[in-house]
Amino acid sequence: MRIAVIGGGYVGLVSAACFAEFGIEVAVVEAQAERLAALQKGEIPIYEPGLDTLVASNIAAGRLSFGSDIAAAVAGAEAIFIAVGTPPRNGDGHADLTYVFAAAEQVARAMTGYAVIVTKSTVPVGTGRRIAELVTRLRPELGFDVASNPEFLREGSAIGDFMRPDRVVIGLDAEAAGGSPGKVGRAQEIMRRLYRPLYLIEAPILFTSLESSELIKYAANSFLAMKISFINEMADLCERVGADVHELARGIGLDNRIGSKFLHAGPGYGGSCFPKDTLALMRIAQEAGASSRLVEATVQVNEARKASMGARIMSACGGAVRGKRVAVLGLTFKPETDDMRDAPSIPIVHRLVENGAEVRAFDPAGMEAARPHLPPRGVTYCTDALDAAAGADVLLVLTEWNEFRALSPSRLRSLMRGRVVIDLRNIYDPAAMAEAGMAYSSIGRPRSHPGEPLGRTGTEQGLTG
Ligand code: NAD
């Protein structure tokens, strides 16, 4: 079996490598010359655990190739996956479909026979049908179907998520799905064959309408974002009433109806998906004349949360950071990735530098990706966490990389000039920090050190930035 994947970014590259691992011949088309050149040399332009070996072994086995010639890639392909970016459109929150339609047009012009055109990109409801119209208009003689196959992988555990997914969702219109109950259409048969290894491990494969499939992806991400905003609000409440958000999360998460995942309080969600997908869902609902008040509230809570972090940090630093040396541990939006899209570190580091702090930053994978997003002056990039901590007045944890968890409070105490530790990911034990003499503040937990309560938001303090 042969397929083509348009776009060699996070989703395209991981999907391509995993399909190749299933034994399928995969041709990836990548438009960015630099990225393509790296891929062709066997270099992986993103940090994703296990991806380098998976790509290398499948290139060596002759199943995975990278190029820019779309005609060569789609020749003989039974399915053509569109895995290009869908960033927010200039300020209005709609998903920008420029890359998707450009790719669909290139595919339509290059196809020589029947194939299923599959959107892996996250696209608004109706996009699959618009792609079908576009292809029909450009190539009225061509046989093809469209399918929606949203991707649910998480950066940092993408390969495991692709190989052992909670579910696979495949949207088809009625004809592509066979036309009547009990019949299997050509597109459905191809999609089943493609995912056969997952049938064997009994991963649920859900066939839906095109519209349901397109909406499922947005609904899933918006629900998870809502869970995060919920626990963040609860964390603020915990601080006010003397409760502990970890105990609260465990207490509610053990209820199967709630579940324990995505109940980690922090500085607000970021990353390449939640911020844009929640906004896009609001626009989809708005255009459909439906309300999306919970998602709107989720977005507002998150924006306020992110804005309040600067004030929280200032307050934990005694009101000002001018002349203070601040060690920042973690820059990426989450661990095990080098993705900086919408990372909380970006506004926070800018704020610190603008207010006169000397920032010493370290991230295990994201240093290069972070540079263009951070202030050109005022940030020193360190060789490791201890190098960053050496001589620092304040230690600020922004991403919960495992290697930061292992740092001993007493070692930090001996290395640092000051003793303020601000942990926005709750990776340290408040008691251990107190014992080492640190002035430790975290999120939604009783403070280890007597001082100002941390619950006041930036807006209340007029310190948002
Ligand atoms: P990305 O920006 O990392 O990758 C997109 C790639 O497509 C880029 O390398 C770009 O050069 C290439 N490209 C664009 N137009 C092209 C064309 N016409 N021909 C060839 N290559 C082209 O984006 P991503 O993070 O992989 O996201 C892709 C889609 O998947 C988005 O819709 C996103 O919402 C969705 N998604 C992302 C994730 C994630 O964790 N990153 C998870 C699930 C879904």
# chains A, B, ... in the order shown; residues from 1 in each chain; ligands from 1
$ residues_near_ligand --ligand "ligand 1" --cutoff "6 Å" --atoms "only C-alpha atoms and all ligand atoms" --output "ChimeraX atom specification"
/A:6-12,29-32,83-86,99,102-103,121-122,151-155,272-273
$ write_last_selection --atoms "N, CA and C atoms" --output "CSV table (one decimal), in the first residue's frame"
chain,number,residue,atom,x,y,z
A,6,ILE,N,1.1,15.3,2.8
A,6,ILE,CA,1.4,16.7,2.5
A,6,ILE,C,1.7,17.5,3.8
A,7,GLY,N,2.9,17.9,4.0
A,7,GLY,CA,3.3,18.6,5.2
A,7,GLY,C,4.1,17.7,6.1
A,8,GLY,N,5.4,18.1,6.3
A,8,GLY,CA,6.2,17.3,7.2
A,8,GLY,C,6.5,18.0,8.5
A,9,GLY,N,5.5,18.5,9.2
A,9,GLY,CA,5.6,19.1,10.5
A,9,GLY,C,5.3,18.1,11.5
A,10,TYR,N,4.9,18.5,12.7
A,10,TYR,CA,4.7,17.5,13.8
A,10,TYR,C,3.8,16.4,13.4
A,11,VAL,N,2.6,16.8,12.9
A,11,VAL,CA,1.6,15.8,12.7
A,11,VAL,C,2.0,15.0,11.4
A,12,GLY,N,2.4,15.7,10.3
A,12,GLY,CA,2.7,15.0,9.1
A,12,GLY,C,3.8,14.0,9.3
A,29,VAL,N,5.6,15.1,1.3
A,29,VAL,CA,5.9,16.3,0.5
A,29,VAL,C,6.0,17.5,1.5
A,30,GLU,N,7.2,18.1,1.5
A,30,GLU,CA,7.4,19.3,2.4
A,30,GLU,C,7.8,20.5,1.6
A,31,ALA,N,7.1,21.6,1.9
A,31,ALA,CA,7.3,22.8,1.1
A,31,ALA,C,8.5,23.7,1.5
A,32,GLN,N,8.8,23.6,2.9
A,32,GLN,CA,9.8,24.5,3.4
A,32,GLN,C,11.2,23.9,3.0
A,83,ALA,N,-1.6,17.4,5.9
A,83,ALA,CA,-1.2,17.6,7.3
A,83,ALA,C,-0.5,18.9,7.5
A,84,VAL,N,-1.0,20.0,6.8
A,84,VAL,CA,-0.4,21.3,6.9
A,84,VAL,C,-1.0,22.1,8.1
A,85,GLY,N,-0.4,23.2,8.3
A,85,GLY,CA,-0.8,24.0,9.5
A,85,GLY,C,-2.2,24.7,9.3
A,86,THR,N,-2.9,24.9,10.4
A,86,THR,CA,-4.2,25.7,10.3
A,86,THR,C,-4.1,26.7,11.4
A,99,TYR,N,-3.4,27.2,3.8
A,99,TYR,CA,-2.4,26.1,3.4
A,99,TYR,C,-3.2,24.9,3.1
A,102,ALA,N,-4.5,25.4,-0.5
A,102,ALA,CA,-3.4,25.4,-1.5
A,102,ALA,C,-2.9,23.9,-1.7
A,103,ALA,N,-2.8,23.2,-0.5
A,103,ALA,CA,-2.4,21.8,-0.7
A,103,ALA,C,-3.4,21.0,-1.4
A,121,SER,N,-5.1,17.6,9.2
A,121,SER,CA,-5.1,18.9,9.8
A,121,SER,C,-6.4,19.1,10.5
A,122,THR,N,-6.4,20.0,11.6
A,122,THR,CA,-7.6,20.3,12.3
A,122,THR,C,-8.3,21.4,11.5
A,151,GLU,N,-6.2,14.3,14.1
A,151,GLU,CA,-5.1,13.7,14.9
A,151,GLU,C,-5.2,14.1,16.3
A,152,PHE,N,-5.1,13.1,17.2
A,152,PHE,CA,-5.2,13.5,18.6
A,152,PHE,C,-3.8,13.3,19.4
A,153,LEU,N,-2.8,13.1,18.6
A,153,LEU,CA,-1.5,12.9,19.3
A,153,LEU,C,-1.1,14.1,20.2
A,154,ARG,N,-0.3,13.8,21.2
A,154,ARG,CA,0.2,14.9,22.1
A,154,ARG,C,1.7,15.0,21.8
A,155,GLU,N,2.2,16.2,21.6
A,155,GLU,CA,3.6,16.4,21.5
A,155,GLU,C,4.3,15.9,22.7
A,272,SER,N,0.4,24.6,20.6
A,272,SER,CA,0.1,24.8,19.2
A,272,SER,C,-1.4,24.6,18.9
A,273,CYS,N,-2.1,24.0,19.9
A,273,CYS,CA,-3.5,23.5,19.6
A,273,CYS,C,-4.6,24.2,20.4
$ residues_around --residues "Glu358 of chain A" --least-positions-apart "6" --cutoff "12 Å" --atoms "only C-alpha atoms" --output "PDB file with C-alpha atoms, in the first residue's frame"
ATOM      1  CA  VAL A 321      12.784  42.293  39.913  1.00  0.00           C
ATOM      2  CA  ARG A 322      15.066  45.141  38.846  1.00  0.00           C
ATOM      3  CA  GLY A 323      18.678  44.013  39.200  1.00  0.00           C
ATOM      4  CA  LYS A 324      17.615  40.519  40.266  1.00  0.00           C
ATOM      5  CA  ARG A 325      19.045  37.455  38.647  1.00  0.00           C
ATOM      6  CA  VAL A 326      16.183  35.095  37.747  1.00  0.00           C
ATOM      7  CA  ALA A 327      16.892  31.492  36.765  1.00  0.00           C
ATOM      8  CA  VAL A 328      14.149  30.288  34.413  1.00  0.00           C
ATOM      9  CA  VAL A 349      10.412  36.285  30.201  1.00  0.00           C
ATOM     10  CA  HIS A 350       9.602  39.489  28.270  1.00  0.00           C
ATOM     11  CA  ARG A 351       7.964  40.892  31.383  1.00  0.00           C
ATOM     12  CA  LEU A 352      10.921  40.001  33.569  1.00  0.00           C
ATOM     13  CA  PRO A 375      14.089  39.342  24.150  1.00  0.00           C
ATOM     14  CA  ARG A 377      19.059  41.212  25.239  1.00  0.00           C
ATOM     15  CA  GLY A 378      18.772  40.372  28.920  1.00  0.00           C
ATOM     16  CA  VAL A 379      18.601  36.565  28.562  1.00  0.00           C
ATOM     17  CA  THR A 380      21.593  34.280  29.049  1.00  0.00           C
ATOM     18  CA  TYR A 381      21.165  30.720  27.763  1.00  0.00           C
ATOM     19  CA  ALA A 388      21.091  28.678  35.485  1.00  0.00           C
ATOM     20  CA  GLY A 391      24.107  32.873  41.768  1.00  0.00           C
ATOM     21  CA  ALA A 392      20.387  33.418  41.073  1.00  0.00           C
ATOM     22  CA  ASP A 393      18.183  35.445  43.392  1.00  0.00           C
ATOM     23  CA  VAL A 394      15.062  33.717  42.172  1.00  0.00           C
ATOM     24  CA  LEU A 395      14.387  30.320  40.598  1.00  0.00           C
TER      25      LEU A 395
END
$ select_by_dssp --residues "segment 3-241 of chain A" --states "alpha helix (DSSP H)" --output "PyMOL selection string"
chain A and resi 10-21+33-40+51-60+70-74+98-110+127-138+158-163+186-194+196-200+210-241
$ residues_around --residues "segment 177-186 of chain A" --least-positions-apart "6" --cutoff "10 Å" --atoms "only C-alpha atoms" --output "list of chain:residue names"
A:Tyr114, A:Ala115, A:Val116, A:Phe144, A:Asp145, A:Ala147, A:Gly171, A:Arg192, A:Phe207, A:Thr208, A:Ser209
$ write_last_selection --atoms "C-alpha atoms" --output "PDB file, in the first residue's frame"
ATOM      1  CA  TYR A 114      -8.605   7.483  -7.649  1.00  0.00           C
ATOM      2  CA  ALA A 115      -7.447   8.294  -4.122  1.00  0.00           C
ATOM      3  CA  VAL A 116      -8.980   9.294  -0.787  1.00  0.00           C
ATOM      4  CA  PHE A 144     -11.902  10.547  -5.506  1.00  0.00           C
ATOM      5  CA  ASP A 145     -13.401  10.674  -2.024  1.00  0.00           C
ATOM      6  CA  ALA A 147     -12.229  11.821   4.479  1.00  0.00           C
ATOM      7  CA  GLY A 171     -15.320  10.913   8.885  1.00  0.00           C
ATOM      8  CA  ARG A 192      -9.612   0.338   7.285  1.00  0.00           C
ATOM      9  CA  PHE A 207     -16.519   5.925  11.511  1.00  0.00           C
ATOM     10  CA  THR A 208     -18.655   9.058  11.507  1.00  0.00           C
ATOM     11  CA  SER A 209     -19.999  11.637   9.104  1.00  0.00           C
TER      12      SER A 209
END
$ residues_around --residues "Ile24 of chain A" --least-positions-apart "3" --cutoff "7 Å" --atoms "only C-alpha atoms" --output "mmCIF file with C-alpha atoms, in the first residue's frame"
data_model
loop_
_atom_site.group_PDB
_atom_site.id
_atom_site.type_symbol
_atom_site.label_atom_id
_atom_site.label_comp_id
_atom_site.auth_asym_id
_atom_site.auth_seq_id
_atom_site.Cartn_x
_atom_site.Cartn_y
_atom_site.Cartn_z
ATOM 1 C CA MET A 1 0.000 0.000 0.000
ATOM 2 C CA ARG A 2 1.219 3.491 -0.826
ATOM 3 C CA PHE A 19 2.242 4.577 8.865
ATOM 4 C CA ALA A 20 5.613 3.532 7.416
ATOM 5 C CA ARG A 63 9.258 2.800 3.122
#
$ closest_atom_pairs --of "segment 129-224 of chain A" --to "segment 37-52 of chain A" --cutoff "12 Å" --atoms "only C-alpha atoms" --output "Markdown table"
| residue | atom | partner | partner_atom | distance |
| --- | --- | --- | --- | --- |
| A:Leu153 | CA | A:Glu48 | CA | 11.5 |
| A:Arg154 | CA | A:Glu48 | CA | 10.1 |
| A:Glu155 | CA | A:Glu48 | CA | 6.9 |
| A:Gly156 | CA | A:Glu48 | CA | 5.6 |
| A:Ser157 | CA | A:Pro49 | CA | 7.1 |
| A:Ala158 | CA | A:Glu48 | CA | 7.3 |
| A:Ile159 | CA | A:Leu51 | CA | 7.2 |
| A:Gly160 | CA | A:Gly50 | CA | 9.4 |
| A:Asp161 | CA | A:Pro49 | CA | 12.0 |
| A:Phe162 | CA | A:Leu51 | CA | 11.7 |
$ select_by_dssp --residues "segment 185-250 of chain A" --states "strand (DSSP E or B)" --output "list in words"
Ile205, Leu206, Phe207 and Thr208 of chain A
$ residues_around --residues "Ser148 of chain A" --least-positions-apart "4" --cutoff "10 Å" --atoms "only C-alpha atoms" --output "short mmCIF file (atom, residue, chain, number, x, y, z; two decimals) with N, CA and C atoms, in the first residue's frame"
data_model
loop_
_atom_site.label_atom_id
_atom_site.label_comp_id
_atom_site.auth_asym_id
_atom_site.auth_seq_id
_atom_site.Cartn_x
_atom_site.Cartn_y
_atom_site.Cartn_z
N PHE A 81 -2.84 12.34 2.52
CA PHE A 81 -3.14 13.05 3.78
C PHE A 81 -2.68 14.50 3.68
N ILE A 82 -3.56 15.41 4.03
CA ILE A 82 -3.18 16.81 4.14
C ILE A 82 -2.91 17.09 5.62
N VAL A 116 -8.23 8.60 -1.84
CA VAL A 116 -8.98 9.29 -0.79
C VAL A 116 -8.14 10.47 -0.33
N ILE A 117 -8.73 11.66 -0.36
CA ILE A 117 -8.02 12.85 0.13
C ILE A 117 -8.45 13.04 1.59
N VAL A 118 -7.48 12.92 2.48
CA VAL A 118 -7.79 12.87 3.92
C VAL A 118 -7.27 14.12 4.61
N THR A 119 -8.11 14.83 5.34
CA THR A 119 -7.60 15.96 6.14
C THR A 119 -7.17 15.43 7.51
N LYS A 120 -5.85 15.55 7.78
CA LYS A 120 -5.31 15.23 9.11
C LYS A 120 -5.22 16.53 9.90
N SER A 121 -5.07 17.64 9.15
CA SER A 121 -5.07 18.95 9.81
C SER A 121 -6.40 19.13 10.55
N THR A 122 -6.36 19.95 11.59
CA THR A 122 -7.59 20.29 12.31
C THR A 122 -8.31 21.37 11.51
N VAL A 123 -9.48 21.04 10.99
CA VAL A 123 -10.17 21.99 10.10
C VAL A 123 -11.63 22.18 10.51
N VAL A 125 -15.72 22.64 10.53
CA VAL A 125 -16.78 21.83 9.92
C VAL A 125 -17.09 22.39 8.54
N THR A 127 -15.09 21.85 5.88
CA THR A 127 -13.87 21.95 5.06
C THR A 127 -13.75 20.77 4.10
N GLY A 128 -14.06 19.57 4.58
CA GLY A 128 -13.97 18.38 3.72
C GLY A 128 -14.84 18.55 2.48
N ARG A 129 -16.04 19.04 2.70
CA ARG A 129 -16.94 19.23 1.55
C ARG A 129 -16.41 20.33 0.62
N VAL A 169 -10.65 8.44 14.72
CA VAL A 169 -11.92 8.94 14.19
C VAL A 169 -11.77 9.15 12.69
N ILE A 170 -12.69 8.58 11.94
CA ILE A 170 -12.65 8.73 10.48
C ILE A 170 -14.03 9.19 9.99
N GLY A 171 -14.06 10.37 9.40
CA GLY A 171 -15.32 10.91 8.89
C GLY A 171 -15.40 10.72 7.38
N LEU A 172 -16.53 10.23 6.94
CA LEU A 172 -16.75 10.01 5.50
C LEU A 172 -18.15 10.46 5.17
N ASP A 173 -18.38 10.88 3.93
CA ASP A 173 -19.78 11.13 3.60
C ASP A 173 -20.43 9.79 3.27
N PHE A 207 -16.14 5.29 12.78
CA PHE A 207 -16.52 5.93 11.51
C PHE A 207 -17.71 6.83 11.76
N THR A 208 -17.59 8.07 11.29
CA THR A 208 -18.65 9.06 11.51
C THR A 208 -18.91 9.80 10.19
N SER A 209 -19.82 10.74 10.26
CA SER A 209 -20.00 11.64 9.10
C SER A 209 -18.80 12.59 9.05
N LEU A 210 -18.63 13.23 7.92
CA LEU A 210 -17.54 14.21 7.79
C LEU A 210 -17.67 15.30 8.85
N GLU A 211 -18.89 15.80 8.99
CA GLU A 211 -19.13 16.93 9.91
C GLU A 211 -18.82 16.54 11.35
N SER A 212 -19.28 15.34 11.75
CA SER A 212 -19.03 14.93 13.14
C SER A 212 -17.54 14.83 13.40
N SER A 213 -16.85 14.21 12.45
CA SER A 213 -15.41 14.00 12.64
C SER A 213 -14.69 15.34 12.78
N GLU A 214 -15.02 16.28 11.90
CA GLU A 214 -14.36 17.59 11.96
C GLU A 214 -14.65 18.28 13.30
#
$ atom_distance --atom1 "atom CA of Ile228 of chain A" --atom2 "atom CA of Gly310 of chain A"
19.1 Å
$ closest_atom_pairs --of "segment 193-271 of chain A" --to "segment 331-334 of chain A" --cutoff "9 Å" --atoms "only C-alpha atoms" --output "tab-separated table"
residue	atom	partner	partner_atom	distance
A:Tyr269	CA	A:Phe333	CA	8.1
A:Gly270	CA	A:Phe333	CA	6.0
A:Gly271	CA	A:Phe333	CA	5.4
$ write_last_selection --atoms "all heavy atoms" --output "JSON list (two decimals), in the first residue's frame"
[["chain", "number", "residue", "atom", "x", "y", "z"],
["A", 269, "TYR", "N", -3.09, 27.24, 29.85],
["A", 269, "TYR", "CA", -2.67, 26.39, 28.73],
["A", 269, "TYR", "C", -2.08, 27.23, 27.60],
["A", 269, "TYR", "O", -2.40, 28.38, 27.41],
["A", 269, "TYR", "CB", -3.82, 25.51, 28.23],
["A", 269, "TYR", "CG", -5.04, 26.25, 27.73],
["A", 269, "TYR", "CD1", -5.06, 26.86, 26.48],
["A", 269, "TYR", "CD2", -6.20, 26.33, 28.49],
["A", 269, "TYR", "CE1", -6.17, 27.53, 26.01],
["A", 269, "TYR", "CE2", -7.32, 27.01, 28.04],
["A", 269, "TYR", "CZ", -7.30, 27.60, 26.79],
["A", 269, "TYR", "OH", -8.40, 28.28, 26.33],
["A", 270, "GLY", "N", -1.15, 26.59, 26.86],
["A", 270, "GLY", "CA", -0.56, 27.22, 25.68],
["A", 270, "GLY", "C", -0.42, 26.14, 24.62],
["A", 270, "GLY", "O", -1.26, 25.25, 24.54],
["A", 271, "GLY", "N", 0.65, 26.24, 23.83],
["A", 271, "GLY", "CA", 0.90, 25.21, 22.83],
["A", 271, "GLY", "C", 0.27, 25.51, 21.49],
["A", 271, "GLY", "O", -0.38, 26.54, 21.30]]
$ residues_around --residues "Ile443 of chain A" --least-positions-apart "6" --cutoff "12 Å" --atoms "only C-alpha atoms" --output "NGL selection string"
:A and (231-240 or 242-246 or 264-268 or 305 or 309 or 312-313 or 316 or 397-398 or 421-430 or 453-455)
$ closest_residue --among "A:Ala108, A:Ala187, A:Leu281, A:Ile216" --to "Ala71 of chain A" --atoms "only C-alpha atoms"
A:Ala108
$ closest_residue --among "A:Ala436, A:Val168, A:Ala297, A:Ile131" --to "Leu97 of chain A" --atoms "only C-alpha atoms"
A:Ile131
$ decode --residues "segment 2-23 of chain A" --atoms "N, CA, C and O atoms" --output "compact mmCIF listing (two decimals), in the first residue's frame"
# COMPACT_ATOMS: atom_id res chain seq x y z
N ARG A 2 0.42 2.27 -0.70
CA ARG A 2 1.22 3.49 -0.83
C ARG A 2 0.35 4.70 -0.49
O ARG A 2 -0.81 4.76 -0.93
N ILE A 3 0.90 5.63 0.27
CA ILE A 3 0.17 6.85 0.58
C ILE A 3 1.10 8.07 0.45
O ILE A 3 2.32 7.91 0.42
N ALA A 4 0.49 9.24 0.38
CA ALA A 4 1.27 10.48 0.38
C ALA A 4 0.83 11.32 1.57
O ALA A 4 -0.34 11.27 1.98
N VAL A 5 1.77 12.06 2.14
CA VAL A 5 1.46 12.97 3.24
C VAL A 5 1.95 14.36 2.85
O VAL A 5 3.13 14.53 2.55
N ILE A 6 1.06 15.32 2.82
CA ILE A 6 1.44 16.68 2.46
C ILE A 6 1.69 17.46 3.75
O ILE A 6 0.75 17.69 4.53
N GLY A 7 2.93 17.88 3.97
CA GLY A 7 3.30 18.58 5.19
C GLY A 7 4.12 17.68 6.11
O GLY A 7 3.63 16.64 6.55
N GLY A 8 5.37 18.09 6.35
CA GLY A 8 6.25 17.29 7.20
C GLY A 8 6.51 17.98 8.52
O GLY A 8 7.64 18.04 8.99
N GLY A 9 5.46 18.53 9.16
CA GLY A 9 5.58 19.14 10.48
C GLY A 9 5.34 18.08 11.55
O GLY A 9 5.49 16.88 11.30
N TYR A 10 4.94 18.49 12.74
CA TYR A 10 4.73 17.55 13.84
C TYR A 10 3.80 16.42 13.42
O TYR A 10 4.13 15.24 13.53
N VAL A 11 2.64 16.80 12.92
CA VAL A 11 1.62 15.80 12.65
C VAL A 11 1.96 14.99 11.40
O VAL A 11 1.88 13.76 11.40
N GLY A 12 2.38 15.69 10.33
CA GLY A 12 2.69 14.99 9.09
C GLY A 12 3.84 14.01 9.28
O GLY A 12 3.78 12.86 8.86
N LEU A 13 4.88 14.46 9.97
CA LEU A 13 6.07 13.64 10.13
C LEU A 13 5.81 12.43 11.03
O LEU A 13 6.19 11.30 10.71
N VAL A 14 5.12 12.67 12.14
CA VAL A 14 4.83 11.56 13.05
C VAL A 14 3.89 10.56 12.36
O VAL A 14 4.12 9.35 12.39
N SER A 15 2.85 11.07 11.69
CA SER A 15 1.90 10.16 11.02
C SER A 15 2.63 9.36 9.95
O SER A 15 2.45 8.15 9.83
N ALA A 16 3.45 10.05 9.16
CA ALA A 16 4.15 9.38 8.07
C ALA A 16 5.05 8.27 8.61
O ALA A 16 5.05 7.14 8.10
N ALA A 17 5.82 8.61 9.66
CA ALA A 17 6.75 7.61 10.21
C ALA A 17 5.98 6.42 10.79
O ALA A 17 6.39 5.27 10.64
N CYS A 18 4.85 6.70 11.43
CA CYS A 18 4.09 5.61 12.05
C CYS A 18 3.40 4.75 10.98
O CYS A 18 3.38 3.53 11.09
N PHE A 19 2.84 5.37 9.95
CA PHE A 19 2.24 4.58 8.86
C PHE A 19 3.32 3.71 8.20
O PHE A 19 3.09 2.57 7.84
N ALA A 20 4.52 4.31 8.02
CA ALA A 20 5.61 3.53 7.42
C ALA A 20 5.94 2.33 8.30
O ALA A 20 6.18 1.23 7.83
N GLU A 21 5.92 2.57 9.60
CA GLU A 21 6.19 1.48 10.55
C GLU A 21 5.11 0.38 10.44
O GLU A 21 5.39 -0.79 10.69
N PHE A 22 3.92 0.76 10.05
CA PHE A 22 2.85 -0.24 9.82
C PHE A 22 3.11 -1.05 8.55
O PHE A 22 2.34 -1.95 8.21
N GLY A 23 4.15 -0.66 7.78
CA GLY A 23 4.48 -1.41 6.57
C GLY A 23 4.01 -0.73 5.30
O GLY A 23 4.10 -1.30 4.21
